[in-house]
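**Student:** File entry.pdb follows (PDB, N, CA and C atoms, pLDDT in the B column):
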ATOM      1  N   GLU A 781     -11.783  -6.162  -8.084  1.00 86.00           N
ATOM      2  CA  GLU A 781     -11.248  -5.711  -6.811  1.00 86.00           C
ATOM      3  C   GLU A 781     -11.141  -4.201  -6.843  1.00 86.00           C
ATOM      4  N   ILE A 782     -11.555  -3.559  -5.763  1.00 90.00           N
ATOM      5  CA  ILE A 782     -11.457  -2.117  -5.613  1.00 90.00           C
ATOM      6  C   ILE A 782     -10.502  -1.859  -4.459  1.00 90.00           C
ATOM      7  N   SER A 783      -9.436  -1.113  -4.739  1.00 88.00           N
ATOM      8  CA  SER A 783      -8.487  -0.834  -3.662  1.00 88.00           C
ATOM      9  C   SER A 783      -7.833   0.525  -3.864  1.00 88.00           C
ATOM     10  N   PRO A 784      -7.585   1.279  -2.829  1.00 92.00           N
ATOM     11  CA  PRO A 784      -8.039   0.973  -1.471  1.00 92.00           C
ATOM     12  C   PRO A 784      -9.543   1.213  -1.337  1.00 92.00           C
ATOM     13  N   ASN A 785     -10.124   0.651  -0.315  1.00 93.00           N
ATOM     14  CA  ASN A 785     -11.534   0.843  -0.024  1.00 93.00           C
ATOM     15  C   ASN A 785     -11.711   0.729   1.480  1.00 93.00           C
ATOM     16  N   PRO A 786     -12.003   1.828   2.174  1.00 94.00           N
ATOM     17  CA  PRO A 786     -12.323   3.177   1.723  1.00 94.00           C
ATOM     18  C   PRO A 786     -11.112   3.870   1.088  1.00 94.00           C
ATOM     19  N   PHE A 787     -11.402   4.945   0.342  1.00 95.00           N
ATOM     20  CA  PHE A 787     -10.344   5.625  -0.385  1.00 95.00           C
ATOM     21  C   PHE A 787     -10.440   7.144  -0.264  1.00 95.00           C
ATOM     22  N   ASN A 788      -9.306   7.789  -0.491  1.00 92.00           N
ATOM     23  CA  ASN A 788      -9.201   9.237  -0.598  1.00 92.00           C
ATOM     24  C   ASN A 788      -7.784   9.522  -1.071  1.00 92.00           C
ATOM     25  N   PRO A 789      -7.544  10.128  -2.172  1.00 92.00           N
ATOM     26  CA  PRO A 789      -8.506  10.780  -3.065  1.00 92.00           C
ATOM     27  C   PRO A 789      -8.908   9.917  -4.261  1.00 92.00           C
ATOM     28  N   GLU A 790      -8.276   8.747  -4.444  1.00 94.00           N
ATOM     29  CA  GLU A 790      -8.627   7.933  -5.605  1.00 94.00           C
ATOM     30  C   GLU A 790      -8.568   6.456  -5.265  1.00 94.00           C
ATOM     31  N   THR A 791      -9.194   5.661  -6.124  1.00 96.00           N
ATOM     32  CA  THR A 791      -9.198   4.218  -5.954  1.00 96.00           C
ATOM     33  C   THR A 791      -8.980   3.547  -7.302  1.00 96.00           C
ATOM     34  N   ARG A 792      -8.475   2.344  -7.256  1.00 96.00           N
ATOM     35  CA  ARG A 792      -8.214   1.586  -8.482  1.00 96.00           C
ATOM     36  C   ARG A 792      -9.170   0.398  -8.546  1.00 96.00           C
ATOM     37  N   ILE A 793      -9.768   0.219  -9.718  1.00 96.00           N
ATOM     38  CA  ILE A 793     -10.678  -0.885  -9.958  1.00 96.00           C
ATOM     39  C   ILE A 793      -9.966  -1.861 -10.889  1.00 96.00           C
ATOM     40  N   GLU A 794      -9.762  -3.081 -10.441  1.00 95.00           N
ATOM     41  CA  GLU A 794      -9.104  -4.105 -11.247  1.00 95.00           C
ATOM     42  C   GLU A 794     -10.097  -5.210 -11.550  1.00 95.00           C
ATOM     43  N   PHE A 795     -10.100  -5.663 -12.800  1.00 95.00           N
ATOM     44  CA  PHE A 795     -11.028  -6.710 -13.199  1.00 95.00           C
ATOM     45  C   PHE A 795     -10.455  -7.466 -14.387  1.00 95.00           C
ATOM     46  N   ALA A 796     -11.055  -8.610 -14.671  1.00 93.00           N
ATOM     47  CA  ALA A 796     -10.650  -9.416 -15.819  1.00 93.00           C
ATOM     48  C   ALA A 796     -11.879  -9.708 -16.669  1.00 93.00           C
ATOM     49  N   THR A 797     -11.688  -9.733 -17.978  1.00 93.00           N
ATOM     50  CA  THR A 797     -12.752 -10.112 -18.894  1.00 93.00           C
ATOM     51  C   THR A 797     -12.379 -11.434 -19.549  1.00 93.00           C
ATOM     52  N   GLU A 798     -13.375 -12.276 -19.713  1.00 92.00           N
ATOM     53  CA  GLU A 798     -13.130 -13.602 -20.287  1.00 92.00           C
ATOM     54  C   GLU A 798     -12.997 -13.566 -21.801  1.00 92.00           C
ATOM     55  N   VAL A 799     -13.731 -12.647 -22.435  1.00 95.00           N
ATOM     56  CA  VAL A 799     -13.726 -12.556 -23.897  1.00 95.00           C
ATOM     57  C   VAL A 799     -13.606 -11.100 -24.316  1.00 95.00           C
ATOM     58  N   GLU A 800     -13.151 -10.865 -25.534  1.00 96.00           N
ATOM     59  CA  GLU A 800     -13.099  -9.525 -26.090  1.00 96.00           C
ATOM     60  C   GLU A 800     -14.521  -9.048 -26.346  1.00 96.00           C
ATOM     61  N   GLY A 801     -14.762  -7.772 -26.152  1.00 97.00           N
ATOM     62  CA  GLY A 801     -16.082  -7.234 -26.450  1.00 97.00           C
ATOM     63  C   GLY A 801     -16.345  -5.934 -25.733  1.00 97.00           C
ATOM     64  N   HIS A 802     -17.570  -5.432 -25.899  1.00 98.00           N
ATOM     65  CA  HIS A 802     -17.957  -4.155 -25.304  1.00 98.00           C
ATOM     66  C   HIS A 802     -18.059  -4.283 -23.785  1.00 98.00           C
ATOM     67  N   CYS A 803     -17.448  -3.322 -23.098  1.00 98.00           N
ATOM     68  CA  CYS A 803     -17.494  -3.270 -21.640  1.00 98.00           C
ATOM     69  C   CYS A 803     -17.855  -1.861 -21.203  1.00 98.00           C
ATOM     70  N   ALA A 804     -18.536  -1.781 -20.075  1.00 98.00           N
ATOM     71  CA  ALA A 804     -18.857  -0.486 -19.477  1.00 98.00           C
ATOM     72  C   ALA A 804     -18.576  -0.571 -17.989  1.00 98.00           C
ATOM     73  N   LEU A 805     -17.968   0.483 -17.452  1.00 98.00           N
ATOM     74  CA  LEU A 805     -17.744   0.607 -16.020  1.00 98.00           C
ATOM     75  C   LEU A 805     -18.291   1.959 -15.609  1.00 98.00           C
ATOM     76  N   GLU A 806     -19.359   1.930 -14.804  1.00 98.00           N
ATOM     77  CA  GLU A 806     -20.047   3.153 -14.417  1.00 98.00           C
ATOM     78  C   GLU A 806     -20.047   3.289 -12.907  1.00 98.00           C
ATOM     79  N   VAL A 807     -20.085   4.545 -12.440  1.00 98.00           N
ATOM     80  CA  VAL A 807     -20.122   4.841 -11.015  1.00 98.00           C
ATOM     81  C   VAL A 807     -21.470   5.490 -10.715  1.00 98.00           C
ATOM     82  N   TYR A 808     -22.155   4.975  -9.678  1.00 98.00           N
ATOM     83  CA  TYR A 808     -23.461   5.481  -9.266  1.00 98.00           C
ATOM     84  C   TYR A 808     -23.430   5.862  -7.797  1.00 98.00           C
ATOM     85  N   ASP A 809     -24.296   6.823  -7.404  1.00 97.00           N
ATOM     86  CA  ASP A 809     -24.478   7.077  -5.978  1.00 97.00           C
ATOM     87  C   ASP A 809     -25.552   6.116  -5.471  1.00 97.00           C
ATOM     88  N   LEU A 810     -25.800   6.117  -4.176  1.00 97.00           N
ATOM     89  CA  LEU A 810     -26.753   5.163  -3.601  1.00 97.00           C
ATOM     90  C   LEU A 810     -28.194   5.450  -3.999  1.00 97.00           C
ATOM     91  N   ALA A 811     -28.476   6.655  -4.506  1.00 97.00           N
ATOM     92  CA  ALA A 811     -29.818   6.983  -4.992  1.00 97.00           C
ATOM     93  C   ALA A 811     -30.038   6.457  -6.408  1.00 97.00           C
ATOM     94  N   GLY A 812     -28.968   5.922  -7.031  1.00 97.00           N
ATOM     95  CA  GLY A 812     -29.084   5.368  -8.373  1.00 97.00           C
ATOM     96  C   GLY A 812     -28.727   6.328  -9.488  1.00 97.00           C
ATOM     97  N   ALA A 813     -28.275   7.525  -9.149  1.00 98.00           N
ATOM     98  CA  ALA A 813     -27.874   8.494 -10.172  1.00 98.00           C
ATOM     99  C   ALA A 813     -26.476   8.167 -10.673  1.00 98.00           C
ATOM    100  N   LYS A 814     -26.314   8.168 -12.007  1.00 98.00           N
ATOM    101  CA  LYS A 814     -24.986   7.893 -12.568  1.00 98.00           C
ATOM    102  C   LYS A 814     -24.089   9.096 -12.341  1.00 98.00           C
ATOM    103  N   ILE A 815     -22.915   8.844 -11.752  1.00 98.00           N
ATOM    104  CA  ILE A 815     -21.944   9.889 -11.447  1.00 98.00           C
ATOM    105  C   ILE A 815     -21.003  10.086 -12.624  1.00 98.00           C
ATOM    106  N   THR A 816     -20.465   8.995 -13.134  1.00 98.00           N
ATOM    107  CA  THR A 816     -19.540   9.065 -14.266  1.00 98.00           C
ATOM    108  C   THR A 816     -19.423   7.695 -14.914  1.00 98.00           C
ATOM    109  N   GLU A 817     -18.825   7.701 -16.074  1.00 98.00           N
ATOM    110  CA  GLU A 817     -18.574   6.472 -16.823  1.00 98.00           C
ATOM    111  C   GLU A 817     -17.062   6.374 -17.022  1.00 98.00           C
ATOM    112  N   LEU A 818     -16.465   5.319 -16.502  1.00 98.00           N
ATOM    113  CA  LEU A 818     -15.015   5.166 -16.576  1.00 98.00           C
ATOM    114  C   LEU A 818     -14.578   4.414 -17.825  1.00 98.00           C
ATOM    115  N   ILE A 819     -15.423   3.504 -18.302  1.00 98.00           N
ATOM    116  CA  ILE A 819     -15.135   2.744 -19.525  1.00 98.00           C
ATOM    117  C   ILE A 819     -16.437   2.607 -20.300  1.00 98.00           C
ATOM    118  N   ASN A 820     -16.352   2.777 -21.607  1.00 98.00           N
ATOM    119  CA  ASN A 820     -17.483   2.487 -22.487  1.00 98.00           C
ATOM    120  C   ASN A 820     -16.911   2.179 -23.858  1.00 98.00           C
ATOM    121  N   GLY A 821     -16.562   0.927 -24.071  1.00 98.00           N
ATOM    122  CA  GLY A 821     -15.963   0.551 -25.340  1.00 98.00           C
ATOM    123  C   GLY A 821     -15.475  -0.879 -25.334  1.00 98.00           C
ATOM    124  N   SER A 822     -14.828  -1.244 -26.409  1.00 97.00           N
ATOM    125  CA  SER A 822     -14.351  -2.613 -26.572  1.00 97.00           C
ATOM    126  C   SER A 822     -13.038  -2.817 -25.823  1.00 97.00           C
ATOM    127  N   LEU A 823     -12.958  -3.933 -25.107  1.00 97.00           N
ATOM    128  CA  LEU A 823     -11.734  -4.318 -24.404  1.00 97.00           C
ATOM    129  C   LEU A 823     -11.336  -5.719 -24.843  1.00 97.00           C
ATOM    130  N   ASP A 824     -10.038  -5.957 -24.870  1.00 97.00           N
ATOM    131  CA  ASP A 824      -9.527  -7.301 -25.117  1.00 97.00           C
ATOM    132  C   ASP A 824      -9.790  -8.172 -23.894  1.00 97.00           C
ATOM    133  N   ALA A 825      -9.805  -9.468 -24.088  1.00 96.00           N
ATOM    134  CA  ALA A 825      -9.895 -10.388 -22.962  1.00 96.00           C
ATOM    135  C   ALA A 825      -8.640 -10.235 -22.112  1.00 96.00           C
ATOM    136  N   GLY A 826      -8.791 -10.387 -20.801  1.00 96.00           N
ATOM    137  CA  GLY A 826      -7.643 -10.299 -19.909  1.00 96.00           C
ATOM    138  C   GLY A 826      -7.884  -9.347 -18.761  1.00 96.00           C
ATOM    139  N   ARG A 827      -6.799  -9.003 -18.064  1.00 97.00           N
ATOM    140  CA  ARG A 827      -6.863  -8.140 -16.879  1.00 97.00           C
ATOM    141  C   ARG A 827      -6.807  -6.678 -17.277  1.00 97.00           C
ATOM    142  N   HIS A 828      -7.574  -5.863 -16.527  1.00 97.00           N
ATOM    143  CA  HIS A 828      -7.640  -4.425 -16.785  1.00 97.00           C
ATOM    144  C   HIS A 828      -7.644  -3.689 -15.447  1.00 97.00           C
ATOM    145  N   SER A 829      -7.230  -2.431 -15.494  1.00 96.00           N
ATOM    146  CA  SER A 829      -7.196  -1.598 -14.305  1.00 96.00           C
ATOM    147  C   SER A 829      -7.593  -0.169 -14.689  1.00 96.00           C
ATOM    148  N   VAL A 830      -8.477   0.426 -13.873  1.00 97.00           N
ATOM    149  CA  VAL A 830      -8.942   1.789 -14.099  1.00 97.00           C
ATOM    150  C   VAL A 830      -8.887   2.520 -12.764  1.00 97.00           C
ATOM    151  N   THR A 831      -8.511   3.787 -12.792  1.00 97.00           N
ATOM    152  CA  THR A 831      -8.473   4.596 -11.579  1.00 97.00           C
ATOM    153  C   THR A 831      -9.604   5.611 -11.610  1.00 97.00           C
ATOM    154  N   TRP A 832     -10.309   5.745 -10.482  1.00 97.00           N
ATOM    155  CA  TRP A 832     -11.327   6.796 -10.342  1.00 97.00           C
ATOM    156  C   TRP A 832     -10.827   7.798  -9.324  1.00 97.00           C
ATOM    157  N   ASP A 833     -10.866   9.076  -9.703  1.00 96.00           N
ATOM    158  CA  ASP A 833     -10.345  10.149  -8.865  1.00 96.00           C
ATOM    159  C   ASP A 833     -11.403  10.835  -8.011  1.00 96.00           C
ATOM    160  N   GLY A 834     -12.594  10.235  -7.888  1.00 97.00           N
ATOM    161  CA  GLY A 834     -13.631  10.813  -7.043  1.00 97.00           C
ATOM    162  C   GLY A 834     -14.310  12.016  -7.658  1.00 97.00           C
ATOM    163  N   ARG A 835     -14.286  12.108  -8.986  1.00 97.00           N
ATOM    164  CA  ARG A 835     -14.928  13.235  -9.677  1.00 97.00           C
ATOM    165  C   ARG A 835     -16.069  12.731 -10.555  1.00 97.00           C
ATOM    166  N   ASP A 836     -17.054  13.622 -10.761  1.00 98.00           N
ATOM    167  CA  ASP A 836     -18.176  13.257 -11.614  1.00 98.00           C
ATOM    168  C   ASP A 836     -17.827  13.479 -13.087  1.00 98.00           C
ATOM    169  N   ALA A 837     -18.795  13.285 -13.966  1.00 97.00           N
ATOM    170  CA  ALA A 837     -18.572  13.399 -15.409  1.00 97.00           C
ATOM    171  C   ALA A 837     -18.172  14.811 -15.828  1.00 97.00           C
ATOM    172  N   ASN A 838     -18.477  15.810 -14.985  1.00 98.00           N
ATOM    173  CA  ASN A 838     -18.115  17.199 -15.279  1.00 98.00           C
ATOM    174  C   ASN A 838     -16.802  17.623 -14.636  1.00 98.00           C
ATOM    175  N   GLY A 839     -16.129  16.688 -13.970  1.00 97.00           N
ATOM    176  CA  GLY A 839     -14.851  17.000 -13.342  1.00 97.00           C
ATOM    177  C   GLY A 839     -14.962  17.569 -11.940  1.00 97.00           C
ATOM    178  N   LYS A 840     -16.172  17.597 -11.390  1.00 98.00           N
ATOM    179  CA  LYS A 840     -16.387  18.147 -10.047  1.00 98.00           C
ATOM    180  C   LYS A 840     -16.204  17.046  -9.005  1.00 98.00           C
ATOM    181  N   ALA A 841     -15.493  17.352  -7.925  1.00 97.00           N
ATOM    182  CA  ALA A 841     -15.287  16.385  -6.846  1.00 97.00           C
ATOM    183  C   ALA A 841     -16.626  16.031  -6.207  1.00 97.00           C
ATOM    184  N   VAL A 842     -16.861  14.742  -5.978  1.00 97.00           N
ATOM    185  CA  VAL A 842     -18.107  14.292  -5.357  1.00 97.00           C
ATOM    186  C   VAL A 842     -17.955  14.297  -3.840  1.00 97.00           C
ATOM    187  N   ALA A 843     -19.080  14.218  -3.153  1.00 97.00           N
ATOM    188  CA  ALA A 843     -19.093  14.233  -1.692  1.00 97.00           C
ATOM    189  C   ALA A 843     -18.626  12.895  -1.131  1.00 97.00           C
ATOM    190  N   SER A 844     -18.226  12.910   0.122  1.00 97.00           N
ATOM    191  CA  SER A 844     -17.925  11.669   0.827  1.00 97.00           C
ATOM    192  C   SER A 844     -19.170  10.794   0.829  1.00 97.00           C
ATOM    193  N   GLY A 845     -18.975   9.495   0.774  1.00 97.00           N
ATOM    194  CA  GLY A 845     -20.110   8.589   0.819  1.00 97.00           C
ATOM    195  C   GLY A 845     -19.803   7.277   0.141  1.00 97.00           C
ATOM    196  N   THR A 846     -20.827   6.453   0.000  1.00 97.00           N
ATOM    197  CA  THR A 846     -20.700   5.146  -0.630  1.00 97.00           C
ATOM    198  C   THR A 846     -21.117   5.247  -2.087  1.00 97.00           C
ATOM    199  N   TYR A 847     -20.334   4.648  -2.955  1.00 98.00           N
ATOM    200  CA  TYR A 847     -20.593   4.664  -4.395  1.00 98.00           C
ATOM    201  C   TYR A 847     -20.600   3.240  -4.914  1.00 98.00           C
ATOM    202  N   LEU A 848     -21.408   3.015  -5.936  1.00 98.00           N
ATOM    203  CA  LEU A 848     -21.527   1.704  -6.561  1.00 98.00           C
ATOM    204  C   LEU A 848     -20.814   1.716  -7.897  1.00 98.00           C
ATOM    205  N   PHE A 849     -20.032   0.690  -8.143  1.00 98.00           N
ATOM    206  CA  PHE A 849     -19.332   0.520  -9.416  1.00 98.00           C
ATOM    207  C   PHE A 849     -20.001  -0.636 -10.141  1.00 98.00           C
ATOM    208  N   ARG A 850     -20.539  -0.372 -11.336  1.00 98.00           N
ATOM    209  CA  ARG A 850     -21.191  -1.438 -12.111  1.00 98.00           C
ATOM    210  C   ARG A 850     -20.369  -1.724 -13.360  1.00 98.00           C
ATOM    211  N   LEU A 851     -19.880  -2.944 -13.439  1.00 97.00           N
ATOM    212  CA  LEU A 851     -19.101  -3.413 -14.578  1.00 97.00           C
ATOM    213  C   LEU A 851     -19.970  -4.336 -15.411  1.00 97.00           C
ATOM    214  N   THR A 852     -20.117  -4.008 -16.688  1.00 97.00           N
ATOM    215  CA  THR A 852     -20.860  -4.846 -17.618  1.00 97.00           C
ATOM    216  C   THR A 852     -19.902  -5.320 -18.698  1.00 97.00           C
ATOM    217  N   THR A 853     -19.786  -6.647 -18.839  1.00 95.00           N
ATOM    218  CA  THR A 853     -18.935  -7.249 -19.865  1.00 95.00           C
ATOM    219  C   THR A 853     -19.824  -8.123 -20.746  1.00 95.00           C
ATOM    220  N   PRO A 854     -19.286  -8.678 -21.826  1.00 94.00           N
ATOM    221  CA  PRO A 854     -20.115  -9.554 -22.664  1.00 94.00           C
ATOM    222  C   PRO A 854     -20.661 -10.783 -21.921  1.00 94.00           C
ATOM    223  N   THR A 855     -20.035 -11.165 -20.809  1.00 93.00           N
ATOM    224  CA  THR A 855     -20.450 -12.397 -20.129  1.00 93.00           C
ATOM    225  C   THR A 855     -21.077 -12.191 -18.750  1.00 93.00           C
ATOM    226  N   GLU A 856     -20.977 -10.975 -18.176  1.00 95.00           N
ATOM    227  CA  GLU A 856     -21.520 -10.780 -16.835  1.00 95.00           C
ATOM    228  C   GLU A 856     -21.683  -9.309 -16.490  1.00 95.00           C
ATOM    229  N   THR A 857     -22.457  -9.072 -15.430  1.00 96.00           N
ATOM    230  CA  THR A 857     -22.590  -7.742 -14.844  1.00 96.00           C
ATOM    231  C   THR A 857     -22.319  -7.876 -13.362  1.00 96.00           C
ATOM    232  N   LEU A 858     -21.397  -7.059 -12.853  1.00 96.00           N
ATOM    233  CA  LEU A 858     -21.016  -7.084 -11.441  1.00 96.00           C
ATOM    234  C   LEU A 858     -21.202  -5.704 -10.837  1.00 96.00           C
ATOM    235  N   THR A 859     -21.593  -5.653  -9.571  1.00 97.00           N
ATOM    236  CA  THR A 859     -21.698  -4.389  -8.850  1.00 97.00           C
ATOM    237  C   THR A 859     -20.925  -4.516  -7.550  1.00 97.00           C
ATOM    238  N   ARG A 860     -20.106  -3.512  -7.268  1.00 97.00           N
ATOM    239  CA  ARG A 860     -19.326  -3.472  -6.031  1.00 97.00           C
ATOM    240  C   ARG A 860     -19.469  -2.096  -5.399  1.00 97.00           C
ATOM    241  N   ARG A 861     -19.266  -2.032  -4.083  1.00 96.00           N
ATOM    242  CA  ARG A 861     -19.351  -0.764  -3.342  1.00 96.00           C
ATOM    243  C   ARG A 861     -17.960  -0.290  -2.943  1.00 96.00           C
ATOM    244  N   ALA A 862     -17.836   1.029  -2.877  1.00 96.00           N
ATOM    245  CA  ALA A 862     -16.612   1.628  -2.352  1.00 96.00           C
ATOM    246  C   ALA A 862     -17.010   2.885  -1.580  1.00 96.00           C
ATOM    247  N   VAL A 863     -16.228   3.223  -0.564  1.00 96.00           N
ATOM    248  CA  VAL A 863     -16.512   4.376   0.276  1.00 96.00           C
ATOM    249  C   VAL A 863     -15.434   5.433   0.077  1.00 96.00           C
ATOM    250  N   LEU A 864     -15.887   6.642  -0.256  1.00 97.00           N
ATOM    251  CA  LEU A 864     -15.002   7.796  -0.378  1.00 97.00           C
ATOM    252  C   LEU A 864     -15.042   8.566   0.928  1.00 97.00           C
ATOM    253  N   LEU A 865     -13.905   8.692   1.578  1.00 95.00           N
ATOM    254  CA  LEU A 865     -13.783   9.453   2.830  1.00 95.00           C
ATOM    255  C   LEU A 865     -12.926  10.671   2.589  1.00 95.00           C
ATOM    256  N   LYS A 866     -13.414  11.823   3.009  1.00 85.00           N
ATOM    257  CA  LYS A 866     -12.623  13.060   2.847  1.00 85.00           C
ATOM    258  C   LYS A 866     -12.247  13.612   4.184  1.00 85.00           C
TER     259      LYS A 866
END
Can the structure from this file be put into structure tokens for me?
**Tutor:**
Amino acid sequence: EISPNPFNPETRIEFATEVEGHCALEVYDLAGAKITELINGSLDAGRHSVTWDGRDANGKAVASGTYLFRLTTPTETLTRRAVLLK
């Protein structure tokens, strides 16, 4: 779940993992360019929450628009959209 959506200035991504293992949560623009990586490491099974502040990997604020969040866990890969409004 991504909330709020649309968001400004930040949004929270909540998800659950079924098993312990390596997880990645990445943010992409609609052209497919990776904006930032919010998680890249091992997580315990259970519920997790991460906040994205609308900044890229260099700390620069990104433009208004639609962004894709891709979550990869040991058991699945999910993609969700969120809209940043400024």
**Student:** Starting from the PyMOL selection byres ((chain A and resi 851-858) around 5), expand the selection into actual residues of this file and give them as a list in words.
**Tutor:**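 Checked against the file, the PyMOL selection byres ((chain A and resi 851-858) around 5) matches His802, Cys803, Ala804, Leu805, Phe849, Arg850, Thr859 and Arg860 of chain A.
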**Student:** Would you kindly translate the PyMOL selection byres ((chain A and resi 863) around 8) into the concrete residues it picks from this file, as a list in words?
**Tutor:**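 Evaluating the PyMOL selection byres ((chain A and resi 863) around 8) on these coordinates yields Pro784, Asn785, Pro786, Phe787, Asn788, Ser844, Gly845, Thr846, Tyr847, Leu848, Arg860, Arg861, Ala862, Leu864, Leu865 and Lys866 of chain A.
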**Student:** Only N, CA and C atoms, please: the residues just picked out, written as a tab-separated table (two decimals), keeping the file's coordinate frame.
**Tutor:**
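What follows is the written file part_31.tsv:
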chain	number	residue	atom	x	y	z
A	784	PRO	N	-7.58	1.28	-2.83
A	784	PRO	CA	-8.04	0.97	-1.47
A	784	PRO	C	-9.54	1.21	-1.34
A	785	ASN	N	-10.12	0.65	-0.32
A	785	ASN	CA	-11.53	0.84	-0.02
A	785	ASN	C	-11.71	0.73	1.48
A	786	PRO	N	-12.00	1.83	2.17
A	786	PRO	CA	-12.32	3.18	1.72
A	786	PRO	C	-11.11	3.87	1.09
A	787	PHE	N	-11.40	4.94	0.34
A	787	PHE	CA	-10.34	5.62	-0.38
A	787	PHE	C	-10.44	7.14	-0.26
A	788	ASN	N	-9.31	7.79	-0.49
A	788	ASN	CA	-9.20	9.24	-0.60
A	788	ASN	C	-7.78	9.52	-1.07
A	844	SER	N	-18.23	12.91	0.12
A	844	SER	CA	-17.92	11.67	0.83
A	844	SER	C	-19.17	10.79	0.83
A	845	GLY	N	-18.98	9.49	0.77
A	845	GLY	CA	-20.11	8.59	0.82
A	845	GLY	C	-19.80	7.28	0.14
A	846	THR	N	-20.83	6.45	0.00
A	846	THR	CA	-20.70	5.15	-0.63
A	846	THR	C	-21.12	5.25	-2.09
A	847	TYR	N	-20.33	4.65	-2.96
A	847	TYR	CA	-20.59	4.66	-4.39
A	847	TYR	C	-20.60	3.24	-4.91
A	848	LEU	N	-21.41	3.02	-5.94
A	848	LEU	CA	-21.53	1.70	-6.56
A	848	LEU	C	-20.81	1.72	-7.90
A	860	ARG	N	-20.11	-3.51	-7.27
A	860	ARG	CA	-19.33	-3.47	-6.03
A	860	ARG	C	-19.47	-2.10	-5.40
A	861	ARG	N	-19.27	-2.03	-4.08
A	861	ARG	CA	-19.35	-0.76	-3.34
A	861	ARG	C	-17.96	-0.29	-2.94
A	862	ALA	N	-17.84	1.03	-2.88
A	862	ALA	CA	-16.61	1.63	-2.35
A	862	ALA	C	-17.01	2.88	-1.58
A	864	LEU	N	-15.89	6.64	-0.26
A	864	LEU	CA	-15.00	7.80	-0.38
A	864	LEU	C	-15.04	8.57	0.93
A	865	LEU	N	-13.90	8.69	1.58
A	865	LEU	CA	-13.78	9.45	2.83
A	865	LEU	C	-12.93	10.67	2.59
A	866	LYS	N	-13.41	11.82	3.01
A	866	LYS	CA	-12.62	13.06	2.85
A	866	LYS	C	-12.25	13.61	4.18
**Student:** Could you state the separation of atom CA of Ala796 of chain A and atom CA of Gly826 of chain A in Å, given to one decimal place?
**Tutor:** 5.2 Å
**Student:** Compile the contact shell of Glu781 of chain A as a list of chain:residue names: residues with an atom at most 6.5 Å away, counting all atoms listed in the file, same-chain residues fewer than 5 positions apart removed.
**Tutor:**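 Selected residues are A:Arg792, A:Ile793, A:Glu794, A:Phe795.
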**Student:** Show me the residues around (-7.0, 7.8, -5.7) - criterion: an atom at most 7 Å away, only N, CA and C atoms counted - as a PyMOL selection string.
**Tutor:** chain A and resi 787-792+831-834
**Student:** Which centre and edge lengths in Å to one decimal define the box along x, y and z that fits every listed atom of segment 820-826 of chain A plus 8 Å per side, as JSON?
**Tutor:**
{"center_x": -12.6, "center_y": -3.8, "center_z": -22.7, "size_x": 25.8, "size_y": 29.2, "size_z": 23.8}
**Student:** Quick one, how far is atom CA of Ala813 of chain A from atom CA of His828 of chain A?
**Tutor:**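 Taking atom CA of Ala813 of chain A and atom CA of His828 of chain A, their separation equals 24.9 Å.
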